[in-house]
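Data file: upload08.cif. Format and content: mmCIF, N, CA and C atoms.
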```
data_input
loop_
_atom_site.label_atom_id
_atom_site.label_comp_id
_atom_site.auth_asym_id
_atom_site.auth_seq_id
_atom_site.Cartn_x
_atom_site.Cartn_y
_atom_site.Cartn_z
N MET A 12 11.24 24.84 -3.78
CA MET A 12 9.84 25.06 -3.48
C MET A 12 9.59 24.66 -2.04
N LEU A 13 8.99 25.55 -1.26
CA LEU A 13 8.67 25.26 0.12
C LEU A 13 7.18 25.09 0.28
N LEU A 14 6.80 24.17 1.15
CA LEU A 14 5.39 23.94 1.41
C LEU A 14 4.87 24.88 2.49
N MET A 15 5.75 25.39 3.27
CA MET A 15 5.45 26.40 4.28
C MET A 15 6.60 27.39 4.20
N SER A 16 6.36 28.62 4.56
CA SER A 16 7.45 29.58 4.50
C SER A 16 8.48 29.25 5.57
N THR A 17 9.75 29.35 5.20
CA THR A 17 10.83 29.09 6.14
C THR A 17 11.41 30.42 6.57
N PRO A 18 11.36 30.70 7.89
CA PRO A 18 11.90 31.97 8.34
C PRO A 18 13.42 32.03 8.22
N THR A 19 13.92 33.19 7.91
CA THR A 19 15.35 33.40 7.93
C THR A 19 15.75 33.72 9.36
N PRO A 20 16.99 33.50 9.75
CA PRO A 20 17.37 33.67 11.15
C PRO A 20 17.07 35.05 11.72
N ASN A 21 17.17 36.12 10.93
CA ASN A 21 16.96 37.46 11.45
C ASN A 21 15.56 38.01 11.19
N ALA A 22 14.77 37.28 10.45
CA ALA A 22 13.45 37.79 10.11
C ALA A 22 12.41 37.31 11.10
N LYS A 23 11.47 38.18 11.41
CA LYS A 23 10.34 37.78 12.24
C LYS A 23 9.24 37.36 11.29
N THR A 24 8.88 36.09 11.37
CA THR A 24 7.87 35.55 10.50
C THR A 24 6.61 35.32 11.29
N LYS A 25 5.52 35.79 10.75
CA LYS A 25 4.24 35.59 11.42
C LYS A 25 3.78 34.16 11.18
N VAL A 26 3.48 33.47 12.27
CA VAL A 26 2.97 32.10 12.17
C VAL A 26 1.47 32.20 12.00
N THR A 27 0.98 31.60 10.93
CA THR A 27 -0.46 31.65 10.65
C THR A 27 -1.18 30.50 11.34
N GLU A 28 -2.51 30.60 11.39
CA GLU A 28 -3.31 29.52 11.96
C GLU A 28 -3.13 28.24 11.13
N ALA A 29 -2.99 28.37 9.82
CA ALA A 29 -2.75 27.20 8.97
C ALA A 29 -1.43 26.52 9.34
N ASP A 30 -0.39 27.33 9.63
CA ASP A 30 0.90 26.77 10.05
C ASP A 30 0.75 26.02 11.38
N ARG A 31 0.03 26.63 12.33
CA ARG A 31 -0.18 25.98 13.63
C ARG A 31 -0.99 24.70 13.47
N ALA A 32 -2.01 24.73 12.62
CA ALA A 32 -2.85 23.55 12.41
C ALA A 32 -2.02 22.42 11.79
N ARG A 33 -1.17 22.76 10.85
CA ARG A 33 -0.29 21.76 10.22
C ARG A 33 0.62 21.17 11.29
N GLY A 34 1.14 22.00 12.14
CA GLY A 34 2.00 21.52 13.23
C GLY A 34 1.26 20.59 14.18
N ARG A 35 -0.01 20.93 14.48
CA ARG A 35 -0.81 20.06 15.35
C ARG A 35 -1.04 18.69 14.70
N ARG A 36 -1.23 18.69 13.38
CA ARG A 36 -1.41 17.41 12.69
C ARG A 36 -0.14 16.57 12.76
N ILE A 37 1.01 17.20 12.60
CA ILE A 37 2.28 16.47 12.70
C ILE A 37 2.41 15.88 14.11
N ALA A 38 2.13 16.69 15.12
CA ALA A 38 2.24 16.21 16.51
C ALA A 38 1.23 15.09 16.78
N LYS A 39 0.02 15.23 16.26
CA LYS A 39 -1.01 14.21 16.46
C LYS A 39 -0.58 12.88 15.85
N ALA A 40 -0.09 12.92 14.62
CA ALA A 40 0.33 11.70 13.94
C ALA A 40 1.54 11.08 14.66
N ARG A 41 2.44 11.93 15.12
CA ARG A 41 3.63 11.44 15.83
C ARG A 41 3.24 10.75 17.13
N THR A 42 2.38 11.38 17.91
CA THR A 42 2.00 10.80 19.20
C THR A 42 1.12 9.56 19.02
N LYS A 43 0.35 9.52 17.94
CA LYS A 43 -0.46 8.33 17.67
C LYS A 43 0.44 7.11 17.47
N LEU A 44 1.61 7.33 16.89
CA LEU A 44 2.59 6.26 16.69
C LEU A 44 3.49 6.08 17.91
N GLU A 45 3.22 6.86 18.95
CA GLU A 45 3.99 6.81 20.20
C GLU A 45 5.47 7.10 19.98
N LEU A 46 5.73 8.09 19.13
CA LEU A 46 7.10 8.52 18.86
C LEU A 46 7.38 9.82 19.60
N THR A 47 8.57 9.97 20.12
CA THR A 47 8.98 11.25 20.66
C THR A 47 9.45 12.12 19.50
N GLN A 48 9.63 13.40 19.76
CA GLN A 48 10.17 14.26 18.71
C GLN A 48 11.55 13.78 18.29
N ALA A 49 12.35 13.34 19.25
CA ALA A 49 13.70 12.87 18.94
C ALA A 49 13.65 11.60 18.08
N GLU A 50 12.72 10.69 18.37
CA GLU A 50 12.61 9.46 17.58
C GLU A 50 12.17 9.77 16.15
N LEU A 51 11.19 10.66 16.01
CA LEU A 51 10.76 11.05 14.67
C LEU A 51 11.91 11.72 13.92
N ALA A 52 12.60 12.61 14.60
CA ALA A 52 13.73 13.30 13.98
C ALA A 52 14.77 12.32 13.48
N ASP A 53 15.08 11.31 14.28
CA ASP A 53 16.06 10.31 13.91
C ASP A 53 15.63 9.54 12.67
N LYS A 54 14.34 9.24 12.57
CA LYS A 54 13.82 8.46 11.43
C LYS A 54 13.89 9.24 10.11
N ILE A 55 13.83 10.57 10.19
CA ILE A 55 13.86 11.34 8.94
C ILE A 55 15.12 12.18 8.77
N GLY A 56 16.05 12.05 9.71
CA GLY A 56 17.35 12.69 9.54
C GLY A 56 17.38 14.18 9.81
N VAL A 57 16.63 14.63 10.82
CA VAL A 57 16.67 16.04 11.22
C VAL A 57 16.85 16.10 12.73
N SER A 58 16.94 17.30 13.29
CA SER A 58 17.07 17.44 14.74
C SER A 58 15.70 17.44 15.39
N ALA A 59 15.67 17.06 16.67
CA ALA A 59 14.42 17.10 17.43
C ALA A 59 13.91 18.54 17.52
N GLY A 60 14.82 19.49 17.57
CA GLY A 60 14.43 20.90 17.61
C GLY A 60 13.66 21.31 16.36
N LEU A 61 14.08 20.78 15.21
CA LEU A 61 13.37 21.10 13.96
C LEU A 61 11.97 20.50 13.98
N VAL A 62 11.85 19.28 14.49
CA VAL A 62 10.52 18.68 14.61
C VAL A 62 9.64 19.55 15.50
N GLY A 63 10.19 20.04 16.59
CA GLY A 63 9.44 20.94 17.48
C GLY A 63 9.01 22.21 16.76
N GLN A 64 9.88 22.74 15.93
CA GLN A 64 9.53 23.94 15.16
C GLN A 64 8.44 23.65 14.15
N TRP A 65 8.49 22.48 13.51
CA TRP A 65 7.40 22.10 12.60
C TRP A 65 6.09 22.01 13.36
N GLU A 66 6.14 21.42 14.56
CA GLU A 66 4.92 21.21 15.33
C GLU A 66 4.32 22.51 15.85
N THR A 67 5.11 23.56 15.98
CA THR A 67 4.56 24.86 16.37
C THR A 67 4.20 25.69 15.14
N GLY A 68 4.62 25.23 13.98
CA GLY A 68 4.34 25.95 12.74
C GLY A 68 5.31 27.07 12.47
N SER A 69 6.38 27.15 13.24
CA SER A 69 7.30 28.28 13.09
C SER A 69 8.35 28.08 12.01
N THR A 70 8.47 26.86 11.49
CA THR A 70 9.44 26.57 10.43
C THR A 70 8.78 25.76 9.35
N GLY A 71 9.18 26.04 8.12
CA GLY A 71 8.56 25.39 6.97
C GLY A 71 9.09 24.00 6.67
N LEU A 72 8.34 23.30 5.85
CA LEU A 72 8.70 21.97 5.38
C LEU A 72 9.15 22.06 3.92
N THR A 73 10.20 21.36 3.60
CA THR A 73 10.55 21.21 2.19
C THR A 73 9.73 20.04 1.64
N PRO A 74 9.55 19.96 0.35
CA PRO A 74 8.83 18.81 -0.21
C PRO A 74 9.45 17.47 0.19
N LYS A 75 10.78 17.42 0.24
CA LYS A 75 11.47 16.17 0.61
C LYS A 75 11.15 15.78 2.05
N LYS A 76 11.16 16.73 2.96
CA LYS A 76 10.87 16.42 4.37
C LYS A 76 9.38 16.13 4.56
N ALA A 77 8.52 16.80 3.81
CA ALA A 77 7.09 16.50 3.89
C ALA A 77 6.84 15.07 3.43
N ALA A 78 7.52 14.63 2.38
CA ALA A 78 7.38 13.26 1.89
C ALA A 78 7.89 12.26 2.93
N ALA A 79 8.98 12.61 3.60
CA ALA A 79 9.51 11.73 4.66
C ALA A 79 8.51 11.63 5.81
N LEU A 80 7.91 12.76 6.18
CA LEU A 80 6.90 12.73 7.25
C LEU A 80 5.71 11.88 6.83
N GLU A 81 5.27 12.03 5.59
CA GLU A 81 4.15 11.24 5.08
C GLU A 81 4.44 9.75 5.24
N ARG A 82 5.63 9.35 4.88
CA ARG A 82 6.01 7.94 4.94
C ARG A 82 6.13 7.45 6.39
N VAL A 83 6.86 8.18 7.21
CA VAL A 83 7.12 7.74 8.58
C VAL A 83 5.86 7.82 9.45
N LEU A 84 5.08 8.89 9.27
CA LEU A 84 3.88 9.06 10.09
C LEU A 84 2.68 8.29 9.55
N GLN A 85 2.83 7.70 8.37
CA GLN A 85 1.77 6.89 7.76
C GLN A 85 0.48 7.69 7.56
N VAL A 86 0.63 8.90 7.00
CA VAL A 86 -0.50 9.77 6.72
C VAL A 86 -0.41 10.21 5.26
N SER A 87 -1.52 10.69 4.72
CA SER A 87 -1.48 11.18 3.34
C SER A 87 -0.89 12.59 3.31
N MET A 88 -0.29 12.93 2.19
CA MET A 88 0.25 14.28 2.03
C MET A 88 -0.86 15.31 2.13
N THR A 89 -2.02 14.99 1.56
CA THR A 89 -3.16 15.92 1.61
C THR A 89 -3.53 16.22 3.05
N TRP A 90 -3.65 15.18 3.87
CA TRP A 90 -4.01 15.39 5.27
C TRP A 90 -2.91 16.16 5.99
N LEU A 91 -1.68 15.78 5.75
CA LEU A 91 -0.55 16.44 6.41
C LEU A 91 -0.55 17.94 6.14
N LEU A 92 -0.76 18.32 4.89
CA LEU A 92 -0.66 19.73 4.52
C LEU A 92 -1.95 20.53 4.70
N THR A 93 -3.10 19.88 4.53
CA THR A 93 -4.36 20.64 4.56
C THR A 93 -5.34 20.20 5.63
N GLY A 94 -5.18 19.00 6.13
CA GLY A 94 -6.14 18.46 7.08
C GLY A 94 -7.26 17.69 6.41
N ASP A 95 -7.33 17.76 5.08
CA ASP A 95 -8.36 17.03 4.34
C ASP A 95 -7.81 15.66 3.96
N ASP A 96 -8.69 14.69 3.88
CA ASP A 96 -8.28 13.38 3.43
C ASP A 96 -9.41 12.81 2.60
N THR A 97 -9.25 12.86 1.29
CA THR A 97 -10.32 12.48 0.38
C THR A 97 -10.57 10.98 0.33
N ASP A 98 -9.64 10.16 0.78
CA ASP A 98 -9.87 8.72 0.74
C ASP A 98 -9.99 8.12 2.13
N GLN A 99 -10.74 8.78 3.00
CA GLN A 99 -10.94 8.28 4.36
C GLN A 99 -11.48 6.85 4.38
N THR A 100 -12.31 6.50 3.40
CA THR A 100 -12.88 5.16 3.40
C THR A 100 -11.84 4.08 3.19
N ARG A 101 -10.68 4.45 2.70
CA ARG A 101 -9.61 3.47 2.49
C ARG A 101 -8.72 3.34 3.71
N ARG A 102 -8.99 4.12 4.74
CA ARG A 102 -8.17 4.11 5.95
C ARG A 102 -8.99 3.62 7.14
N ALA A 103 -8.29 3.12 8.13
CA ALA A 103 -8.97 2.68 9.34
C ALA A 103 -9.63 3.89 10.01
N GLN A 104 -10.86 3.71 10.45
CA GLN A 104 -11.62 4.80 11.08
C GLN A 104 -11.60 4.71 12.60
N THR A 105 -11.34 3.52 13.13
CA THR A 105 -11.32 3.32 14.59
C THR A 105 -10.06 2.56 14.96
N GLU A 106 -9.75 2.53 16.24
CA GLU A 106 -8.57 1.79 16.70
C GLU A 106 -8.67 0.30 16.37
N PRO A 107 -9.84 -0.36 16.59
CA PRO A 107 -9.92 -1.78 16.21
C PRO A 107 -9.70 -2.00 14.71
N GLU A 108 -10.23 -1.10 13.86
CA GLU A 108 -10.00 -1.22 12.42
C GLU A 108 -8.52 -1.09 12.10
N LEU A 109 -7.86 -0.15 12.74
CA LEU A 109 -6.43 0.05 12.52
C LEU A 109 -5.65 -1.19 12.96
N GLU A 110 -6.02 -1.75 14.09
CA GLU A 110 -5.34 -2.95 14.58
C GLU A 110 -5.53 -4.11 13.60
N LEU A 111 -6.74 -4.27 13.09
CA LEU A 111 -7.01 -5.33 12.12
C LEU A 111 -6.21 -5.11 10.83
N LEU A 112 -6.14 -3.87 10.37
CA LEU A 112 -5.36 -3.56 9.18
C LEU A 112 -3.88 -3.86 9.41
N GLN A 113 -3.37 -3.52 10.58
CA GLN A 113 -1.97 -3.80 10.88
C GLN A 113 -1.72 -5.30 10.94
N LEU A 114 -2.68 -6.05 11.50
CA LEU A 114 -2.55 -7.51 11.52
C LEU A 114 -2.50 -8.07 10.10
N LEU A 115 -3.42 -7.61 9.25
CA LEU A 115 -3.45 -8.07 7.86
C LEU A 115 -2.11 -7.78 7.18
N ARG A 116 -1.59 -6.60 7.40
CA ARG A 116 -0.32 -6.22 6.76
C ARG A 116 0.87 -7.03 7.29
N SER A 117 0.72 -7.60 8.48
CA SER A 117 1.80 -8.41 9.05
C SER A 117 1.83 -9.83 8.48
N VAL A 118 0.74 -10.22 7.81
CA VAL A 118 0.64 -11.56 7.22
C VAL A 118 1.31 -11.51 5.83
N PRO A 119 2.10 -12.53 5.51
CA PRO A 119 2.71 -12.55 4.17
C PRO A 119 1.63 -12.43 3.08
N ILE A 120 1.93 -11.70 2.04
CA ILE A 120 0.95 -11.40 0.99
C ILE A 120 0.30 -12.66 0.43
N GLU A 121 1.06 -13.74 0.32
CA GLU A 121 0.51 -14.96 -0.25
C GLU A 121 -0.51 -15.63 0.68
N ASN A 122 -0.56 -15.22 1.95
CA ASN A 122 -1.52 -15.79 2.90
C ASN A 122 -2.63 -14.82 3.29
N GLN A 123 -2.64 -13.63 2.73
CA GLN A 123 -3.63 -12.63 3.12
C GLN A 123 -5.06 -13.03 2.74
N ASP A 124 -5.24 -13.73 1.62
CA ASP A 124 -6.58 -14.18 1.24
C ASP A 124 -7.15 -15.14 2.28
N ILE A 125 -6.32 -16.05 2.76
CA ILE A 125 -6.75 -17.00 3.79
C ILE A 125 -7.10 -16.26 5.07
N PHE A 126 -6.25 -15.33 5.47
CA PHE A 126 -6.51 -14.53 6.66
C PHE A 126 -7.84 -13.80 6.53
N LEU A 127 -8.09 -13.22 5.37
CA LEU A 127 -9.32 -12.47 5.13
C LEU A 127 -10.55 -13.39 5.22
N GLU A 128 -10.45 -14.59 4.70
CA GLU A 128 -11.56 -15.55 4.78
C GLU A 128 -11.85 -15.92 6.22
N ILE A 129 -10.82 -16.08 7.03
CA ILE A 129 -11.01 -16.37 8.46
C ILE A 129 -11.73 -15.22 9.14
N VAL A 130 -11.32 -14.00 8.85
CA VAL A 130 -11.96 -12.82 9.45
C VAL A 130 -13.41 -12.73 9.01
N LYS A 131 -13.68 -12.96 7.72
CA LYS A 131 -15.06 -12.90 7.21
C LYS A 131 -15.94 -13.94 7.90
N SER A 132 -15.41 -15.14 8.05
CA SER A 132 -16.16 -16.22 8.70
C SER A 132 -16.47 -15.85 10.15
N THR A 133 -15.50 -15.29 10.83
CA THR A 133 -15.70 -14.86 12.22
C THR A 133 -16.73 -13.73 12.29
N ALA A 134 -16.65 -12.81 11.36
CA ALA A 134 -17.61 -11.69 11.34
C ALA A 134 -19.03 -12.19 11.14
N LYS A 135 -19.22 -13.20 10.29
CA LYS A 135 -20.56 -13.76 10.07
C LYS A 135 -21.12 -14.33 11.36
N THR A 136 -20.27 -14.95 12.16
CA THR A 136 -20.71 -15.51 13.45
C THR A 136 -21.26 -14.41 14.35
N PHE A 137 -20.60 -13.25 14.38
CA PHE A 137 -21.05 -12.15 15.22
C PHE A 137 -22.29 -11.45 14.67
N SER A 138 -22.46 -11.49 13.37
CA SER A 138 -23.58 -10.75 12.77
C SER A 138 -24.86 -11.57 12.67
N LYS A 139 -24.79 -12.89 12.94
CA LYS A 139 -26.00 -13.71 12.92
C LYS A 139 -26.91 -13.30 14.07
N LYS A 140 -28.21 -13.25 13.78
CA LYS A 140 -29.17 -12.90 14.82
C LYS A 140 -29.36 -14.08 15.78
N LYS A 141 -29.38 -13.76 17.05
CA LYS A 141 -29.62 -14.79 18.05
C LYS A 141 -31.12 -15.01 18.15
N THR A 142 -31.53 -16.28 18.23
CA THR A 142 -32.97 -16.57 18.34
C THR A 142 -33.28 -17.24 19.65
#
```
In structure tokens, what does this structure look like?
Amino acid sequence: MLLMSTPTPNAKTKVTEADRARGRRIAKARTKLELTQAELADKIGVSAGLVGQWETGSTGLTPKKAAALERVLQVSMTWLLTGDDTDQTRRAQTEPELELLQLLRSVPIENQDIFLEIVKSTAKTFSKKKT
């Protein structure tokens, strides 16, 4: 099962706008993580040329490679394939939110409650009205 049509070497395959949009999403997620095509390719076990083809929409994704992209690029499969993301509220919406989420994830799980209490206390300080 292919998530995008994969062209055969001798066939001319028309690249659709949906294919191009999917490719732009892959490139956007890759550059957001500051990865080159070669670095992304190395992380998922493909060539940099194949990553380039995905990003132009000229070559299809297998379910296995789409799952690898989802994991490495830290995006949902829904967003990767369609551009929709139904659980946006569960994801960081701004760069500072993303940075805070990454900090929280860097704290050992047994200390995350303490970290969260510190953040909440600090947030209360900023939200108090000045008189």
| said: What's around Leu115 in chain A at 8 Å? Count only C-alpha atoms, leave out sequence neighbours fewer than 3 positions away in its own chain, and write the answer as number ranges by chain. | reply: A: 111-112, 118, 123, 126-127
| A:Thr67, A:Leu92, A:Gly34, A:Ile55: which is nearest Ala79 in chain A, counting only C-alpha atoms? |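 Closest candidate: A:Ile55.
Considering only C-alpha atoms, the residue among A:Thr24, A:Gln48, A:Asn122, A:Thr133 positioned nearest to Leu84 in chain A is A:Gln48.
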Apply DSSP to the backbone of this structure and, from chain A, keep only the residues in alpha helix (DSSP H); write these as a short mmCIF file (atom, residue, chain, number, x, y, z; two decimals) with N, CA and C atoms, keeping the file's coordinate frame.
```cif
data_model
loop_
_atom_site.label_atom_id
_atom_site.label_comp_id
_atom_site.auth_asym_id
_atom_site.auth_seq_id
_atom_site.Cartn_x
_atom_site.Cartn_y
_atom_site.Cartn_z
N GLU A 28 -2.51 30.60 11.39
CA GLU A 28 -3.31 29.52 11.96
C GLU A 28 -3.13 28.24 11.13
N ALA A 29 -2.99 28.37 9.82
CA ALA A 29 -2.75 27.20 8.97
C ALA A 29 -1.43 26.52 9.34
N ASP A 30 -0.39 27.33 9.63
CA ASP A 30 0.90 26.77 10.05
C ASP A 30 0.75 26.02 11.38
N ARG A 31 0.03 26.63 12.33
CA ARG A 31 -0.18 25.98 13.63
C ARG A 31 -0.99 24.70 13.47
N ALA A 32 -2.01 24.73 12.62
CA ALA A 32 -2.85 23.55 12.41
C ALA A 32 -2.02 22.42 11.79
N ARG A 33 -1.17 22.76 10.85
CA ARG A 33 -0.29 21.76 10.22
C ARG A 33 0.62 21.17 11.29
N GLY A 34 1.14 22.00 12.14
CA GLY A 34 2.00 21.52 13.23
C GLY A 34 1.26 20.59 14.18
N ARG A 35 -0.01 20.93 14.48
CA ARG A 35 -0.81 20.06 15.35
C ARG A 35 -1.04 18.69 14.70
N ARG A 36 -1.23 18.69 13.38
CA ARG A 36 -1.41 17.41 12.69
C ARG A 36 -0.14 16.57 12.76
N ILE A 37 1.01 17.20 12.60
CA ILE A 37 2.28 16.47 12.70
C ILE A 37 2.41 15.88 14.11
N ALA A 38 2.13 16.69 15.12
CA ALA A 38 2.24 16.21 16.51
C ALA A 38 1.23 15.09 16.78
N LYS A 39 0.02 15.23 16.26
CA LYS A 39 -1.01 14.21 16.46
C LYS A 39 -0.58 12.88 15.85
N ALA A 40 -0.09 12.92 14.62
CA ALA A 40 0.33 11.70 13.94
C ALA A 40 1.54 11.08 14.66
N ARG A 41 2.44 11.93 15.12
CA ARG A 41 3.63 11.44 15.83
C ARG A 41 3.24 10.75 17.13
N THR A 42 2.38 11.38 17.91
CA THR A 42 2.00 10.80 19.20
C THR A 42 1.12 9.56 19.02
N LYS A 43 0.35 9.52 17.94
CA LYS A 43 -0.46 8.33 17.67
C LYS A 43 0.44 7.11 17.47
N GLN A 48 9.63 13.40 19.76
CA GLN A 48 10.17 14.26 18.71
C GLN A 48 11.55 13.78 18.29
N ALA A 49 12.35 13.34 19.25
CA ALA A 49 13.70 12.87 18.94
C ALA A 49 13.65 11.60 18.08
N GLU A 50 12.72 10.69 18.37
CA GLU A 50 12.61 9.46 17.58
C GLU A 50 12.17 9.77 16.15
N LEU A 51 11.19 10.66 16.01
CA LEU A 51 10.76 11.05 14.67
C LEU A 51 11.91 11.72 13.92
N ALA A 52 12.60 12.61 14.60
CA ALA A 52 13.73 13.30 13.98
C ALA A 52 14.77 12.32 13.48
N ASP A 53 15.08 11.31 14.28
CA ASP A 53 16.06 10.31 13.91
C ASP A 53 15.63 9.54 12.67
N LYS A 54 14.34 9.24 12.57
CA LYS A 54 13.82 8.46 11.43
C LYS A 54 13.89 9.24 10.11
N ILE A 55 13.83 10.57 10.19
CA ILE A 55 13.86 11.34 8.94
C ILE A 55 15.12 12.18 8.77
N ALA A 59 15.67 17.06 16.67
CA ALA A 59 14.42 17.10 17.43
C ALA A 59 13.91 18.54 17.52
N GLY A 60 14.82 19.49 17.57
CA GLY A 60 14.43 20.90 17.61
C GLY A 60 13.66 21.31 16.36
N LEU A 61 14.08 20.78 15.21
CA LEU A 61 13.37 21.10 13.96
C LEU A 61 11.97 20.50 13.98
N VAL A 62 11.85 19.28 14.49
CA VAL A 62 10.52 18.68 14.61
C VAL A 62 9.64 19.55 15.50
N GLY A 63 10.19 20.04 16.59
CA GLY A 63 9.44 20.94 17.48
C GLY A 63 9.01 22.21 16.76
N GLN A 64 9.88 22.74 15.93
CA GLN A 64 9.53 23.94 15.16
C GLN A 64 8.44 23.65 14.15
N TRP A 65 8.49 22.48 13.51
CA TRP A 65 7.40 22.10 12.60
C TRP A 65 6.09 22.01 13.36
N GLU A 66 6.14 21.42 14.56
CA GLU A 66 4.92 21.21 15.33
C GLU A 66 4.32 22.51 15.85
N THR A 67 5.11 23.56 15.98
CA THR A 67 4.56 24.86 16.37
C THR A 67 4.20 25.69 15.14
N PRO A 74 9.55 19.96 0.35
CA PRO A 74 8.83 18.81 -0.21
C PRO A 74 9.45 17.47 0.19
N LYS A 75 10.78 17.42 0.24
CA LYS A 75 11.47 16.17 0.61
C LYS A 75 11.15 15.78 2.05
N LYS A 76 11.16 16.73 2.96
CA LYS A 76 10.87 16.42 4.37
C LYS A 76 9.38 16.13 4.56
N ALA A 77 8.52 16.80 3.81
CA ALA A 77 7.09 16.50 3.89
C ALA A 77 6.84 15.07 3.43
N ALA A 78 7.52 14.63 2.38
CA ALA A 78 7.38 13.26 1.89
C ALA A 78 7.89 12.26 2.93
N ALA A 79 8.98 12.61 3.60
CA ALA A 79 9.51 11.73 4.66
C ALA A 79 8.51 11.63 5.81
N LEU A 80 7.91 12.76 6.18
CA LEU A 80 6.90 12.73 7.25
C LEU A 80 5.71 11.88 6.83
N GLU A 81 5.27 12.03 5.59
CA GLU A 81 4.15 11.24 5.08
C GLU A 81 4.44 9.75 5.24
N ARG A 82 5.63 9.35 4.88
CA ARG A 82 6.01 7.94 4.94
C ARG A 82 6.13 7.45 6.39
N VAL A 83 6.86 8.18 7.21
CA VAL A 83 7.12 7.74 8.58
C VAL A 83 5.86 7.82 9.45
N LEU A 84 5.08 8.89 9.27
CA LEU A 84 3.88 9.06 10.09
C LEU A 84 2.68 8.29 9.55
N MET A 88 -0.29 12.93 2.19
CA MET A 88 0.25 14.28 2.03
C MET A 88 -0.86 15.31 2.13
N THR A 89 -2.02 14.99 1.56
CA THR A 89 -3.16 15.92 1.61
C THR A 89 -3.53 16.22 3.05
N TRP A 90 -3.65 15.18 3.87
CA TRP A 90 -4.01 15.39 5.27
C TRP A 90 -2.91 16.16 5.99
N LEU A 91 -1.68 15.78 5.75
CA LEU A 91 -0.55 16.44 6.41
C LEU A 91 -0.55 17.94 6.14
N LEU A 92 -0.76 18.32 4.89
CA LEU A 92 -0.66 19.73 4.52
C LEU A 92 -1.95 20.53 4.70
N THR A 93 -3.10 19.88 4.53
CA THR A 93 -4.36 20.64 4.56
C THR A 93 -5.34 20.20 5.63
N GLU A 106 -9.75 2.53 16.24
CA GLU A 106 -8.57 1.79 16.70
C GLU A 106 -8.67 0.30 16.37
N PRO A 107 -9.84 -0.36 16.59
CA PRO A 107 -9.92 -1.78 16.21
C PRO A 107 -9.70 -2.00 14.71
N GLU A 108 -10.23 -1.10 13.86
CA GLU A 108 -10.00 -1.22 12.42
C GLU A 108 -8.52 -1.09 12.10
N LEU A 109 -7.86 -0.15 12.74
CA LEU A 109 -6.43 0.05 12.52
C LEU A 109 -5.65 -1.19 12.96
N GLU A 110 -6.02 -1.75 14.09
CA GLU A 110 -5.34 -2.95 14.58
C GLU A 110 -5.53 -4.11 13.60
N LEU A 111 -6.74 -4.27 13.09
CA LEU A 111 -7.01 -5.33 12.12
C LEU A 111 -6.21 -5.11 10.83
N LEU A 112 -6.14 -3.87 10.37
CA LEU A 112 -5.36 -3.56 9.18
C LEU A 112 -3.88 -3.86 9.41
N GLN A 113 -3.37 -3.52 10.58
CA GLN A 113 -1.97 -3.80 10.88
C GLN A 113 -1.72 -5.30 10.94
N LEU A 114 -2.68 -6.05 11.50
CA LEU A 114 -2.55 -7.51 11.52
C LEU A 114 -2.50 -8.07 10.10
N LEU A 115 -3.42 -7.61 9.25
CA LEU A 115 -3.45 -8.07 7.86
C LEU A 115 -2.11 -7.78 7.18
N ARG A 116 -1.59 -6.60 7.40
CA ARG A 116 -0.32 -6.22 6.76
C ARG A 116 0.87 -7.03 7.29
N SER A 117 0.72 -7.60 8.48
CA SER A 117 1.80 -8.41 9.05
C SER A 117 1.83 -9.83 8.48
N GLN A 123 -2.64 -13.63 2.73
CA GLN A 123 -3.63 -12.63 3.12
C GLN A 123 -5.06 -13.03 2.74
N ASP A 124 -5.24 -13.73 1.62
CA ASP A 124 -6.58 -14.18 1.24
C ASP A 124 -7.15 -15.14 2.28
N ILE A 125 -6.32 -16.05 2.76
CA ILE A 125 -6.75 -17.00 3.79
C ILE A 125 -7.10 -16.26 5.07
N PHE A 126 -6.25 -15.33 5.47
CA PHE A 126 -6.51 -14.53 6.66
C PHE A 126 -7.84 -13.80 6.53
N LEU A 127 -8.09 -13.22 5.37
CA LEU A 127 -9.32 -12.47 5.13
C LEU A 127 -10.55 -13.39 5.22
N GLU A 128 -10.45 -14.59 4.70
CA GLU A 128 -11.56 -15.55 4.78
C GLU A 128 -11.85 -15.92 6.22
N ILE A 129 -10.82 -16.08 7.03
CA ILE A 129 -11.01 -16.37 8.46
C ILE A 129 -11.73 -15.22 9.14
N VAL A 130 -11.32 -14.00 8.85
CA VAL A 130 -11.96 -12.82 9.45
C VAL A 130 -13.41 -12.73 9.01
N LYS A 131 -13.68 -12.96 7.72
CA LYS A 131 -15.06 -12.90 7.21
C LYS A 131 -15.94 -13.94 7.90
N SER A 132 -15.41 -15.14 8.05
CA SER A 132 -16.16 -16.22 8.70
C SER A 132 -16.47 -15.85 10.15
N THR A 133 -15.50 -15.29 10.83
CA THR A 133 -15.70 -14.86 12.22
C THR A 133 -16.73 -13.73 12.29
N ALA A 134 -16.65 -12.81 11.36
CA ALA A 134 -17.61 -11.69 11.34
C ALA A 134 -19.03 -12.19 11.14
N LYS A 135 -19.22 -13.20 10.29
CA LYS A 135 -20.56 -13.76 10.07
C LYS A 135 -21.12 -14.33 11.36
N THR A 136 -20.27 -14.95 12.16
CA THR A 136 -20.71 -15.51 13.45
C THR A 136 -21.26 -14.41 14.35
N PHE A 137 -20.60 -13.25 14.38
CA PHE A 137 -21.05 -12.15 15.22
C PHE A 137 -22.29 -11.45 14.67
N SER A 138 -22.46 -11.49 13.37
CA SER A 138 -23.58 -10.75 12.77
C SER A 138 -24.86 -11.57 12.67
#
```
| field | Matched chain/residue IDs from the PyMOL selection byres ((chain A and resi 25-30) around 7), as number ranges by chain | value | A: 23-24, 31-35, 65-69
